[in-house]
Every structure is written in C-alpha cells, then in structure tokens.
Amino acid sequence: MSDAALPIQAAPEADILSALGTRSVVLVGMMGVGKSTIGRRLALRLKLPFVDADTEIEAAAGMTIPEIFEQHGEPHFRDGEARVIARLLDGGPIVLATGGGAFMREETRDRIAGKAISIWLRADHDVIMRRVRRRADRPLLQTADPEGTVTRLLTEREPVYAKADLTIASRDVPHDKIVEECIDILRAHLCGEPAAEPSADVASAVR
Ligand code: S3P
C-alpha cells in the first residue's frame with residue numbers, strides 16, 4: 001500500500017483531549033503505587049496541568065500532612081481532602097493524583113465519576129512495601145507493624161479502588177511504559193479504539 005492510501009492516524013493525545021472536554025483524569029490507588037510520578041508524566045503527554053491533591057491540601061492548610069494528622073486528626077484531614085478535590089475537579093481538565101484514602105469517600109467517588117475518568121494504579125503488596133519504605137512521612141504507616149497495616153488497608157480498599165473506570169498494573173518497569181498504557185487505555189475507553197494487547201507481565205500483574 002502506498003503511503004497515500006494509509007488511513008490517517010490522529011495522535012492518541014489529541015483524541016483523548018477532545019473526548020475529555022472539561023473532564024479530568026484522576027489517578028487513585030494505594031500509597032506508593034506511583035500516582036504522582038505517573039500523573040506528572042501523563043500530564044506532560046496530554047499537555048494538561050498536573051495537580052497533586054496532597055500538595056494542594058498542604059498549601060490550603062499551611063501545614064504538612066503529618067502536622068494535620070497530629071494537630072487535627074484524620075477526620076479533619078479527610079474533610080479537607082474532599083473539599084480540595086471537589087474544587088480541583090471544578091477546574092478541569094487536569095491530571096490529578098489523589099492521596100491513597102481519598103477514593104474511599106463515597107461523595108468523592110461520585111464527584112470523580114461525574115467530572116473525570118478514574119484510573120486505579122494497582123500494585124502488589126510487595127511492590128508497595130518496597131516503595132513506602134523509602135519515605136517516613138505517611139502518618140497511617142507510623143505503626144508498630146507497617147506491613148500489617150498495608151495488608152489491612154489493601155483488604156479494605158481494593159474492592160473500592162476497583163470501582164475506578166480503568167485499571168493499570170503499576171509494577172517495576174520504566175515509568176514511560178506505564179504512561180503509555182494509560183494513554184492506550186484512555187483512548188480505548190474514551191474513543192472506542194481497541195487497547196493494545198497487554199504484555200505478559202501486565203496480564204500476570206493484573207490477574
Ligand atoms: C494516605 C495517603 C497519602 C496521604 C495521607 C493518607 C492514605 O497520600 O494522603 O498520608 O490514606 O492512604 P499518598 O497515597 O500520595 O501517599
């Protein structure tokens with residue numbers, strides 16, 4: 001076939017942007033799955049602003065997340081988190097990385113469903129443990145048994161994260177590969193294009 005006869009293939013980013021309209025792309029999932037790292041790169045690809053909800057909460061409160069937990073407690077943090085995410089979703093389209101507990105609140109899930117496409121970055125317990133050990137600023141893991149806490153949180157949260165529109169397996173491969181998979185699955189979901197066949201490591205990681 002000559003080049004002239006090939007169908008014109010629009011860039012997936014352009015298709016995704018036009019299908020999104022004012023809706024955002026929201027990354028959900030446990031601490032340590034890479035929501036901020038992947039979100040930042042995905043935003044660059046889509047040429048959308050990237051916003052990290054945790055950073056916005058800290059800016060709005062004028063203190064760090066550990067300080068909010070310590071001085072005001074988790075329920076206060078959760079209320080602020082829900083308010084900040086609601087505000088951010090009103091300013092879409094953006095790529096938004098949410099804190100690991102945000103999607104557990106029904107009101108926030110409903111808002112995300114109405115104003116965004118959600119992607120659950122799903123990682124195995126071992127991958128999460130390896131990654132969260134690198135940072136000591138997560139108040140929920142300041143327990144005598146962080147590993148047991150992660151196991152408990154995963155049991156509680158995975159059925160809820162599974163309500164996200166889309167799921168991508170976060171694993172130890174180059175970040176750009178995960179971003180590429182996000183682009184593929186977004187285009188398939190929004191524009192009805194078949195997503196590329198998952199590679200063997202994705203199929204086993206997603207199970
Ligand atoms: C939390 C996750 C954190 C942060 C807070 C609570 C959670 O965000 O919002 O420490 O409940 O899982 P990351 O998922 O970005 O670490």
# chains A, B, ... in the order shown; residues from 1 in each chain; ligands from 1
$ residues_near_ligand --ligand "ligand 1" --cutoff "10 Å" --atoms "only C-alpha atoms and all ligand atoms" --output "VMD selection string"
chain A and resid 27 to 36 52 to 55 57 to 58 64 to 66 68 to 69 74 77 to 78 81 97 to 104 132 135 137 to 141 150 153 to 154 157
$ residues_around --residues "Pro49 of chain A" --least-positions-apart "4" --cutoff "12 Å" --atoms "only C-alpha atoms" --output "list in words"
Ser24, Val25, Gly39, Arg40, Arg41, Leu42, Ala43, Leu44, Arg45, Leu88, Gly91, Gly92, Pro93, Ile94, Val95, Leu96 and Ala97 of chain A
$ residues_around --residues "Ile178 of chain A" --least-positions-apart "3" --cutoff "10 Å" --atoms "only C-alpha atoms" --output "PyMOL selection string"
chain A and resi 34+38+41-42+121+168-175+181-184+202
$ select_by_dssp --residues "segment 16-199 of chain A" --states "strand (DSSP E)" --output "MDAnalysis selection string"
chainID A and resid 24:28 50:52 95:97 116:122 166:169
$ atom_distance --atom1 "atom CA of Pro146 of chain A" --atom2 "atom CA of Ala82 of chain A"
25.3 Å
$ atom_distance --atom1 "atom CA of Glu147 of chain A" --atom2 "atom CA of Arg134 of chain A"
13.5 Å
$ residues_around --residues "segment 161-164 of chain A" --least-positions-apart "4" --cutoff "6 Å" --atoms "only C-alpha atoms" --output "VMD selection string"
chain A and resid 118 to 120
$ write_last_selection --atoms "N, CA and C atoms" --output "compact mmCIF listing (two decimals), in the first residue's frame"
# COMPACT_ATOMS: atom_id res chain seq x y z
N SER A 118 -11.41 7.93 35.97
CA SER A 118 -10.50 7.49 37.04
C SER A 118 -9.69 6.28 36.60
N ILE A 119 -8.43 6.29 36.98
CA ILE A 119 -7.56 5.13 36.71
C ILE A 119 -7.01 4.63 38.04
N TRP A 120 -7.25 3.37 38.35
CA TRP A 120 -6.66 2.75 39.53
C TRP A 120 -5.29 2.22 39.15
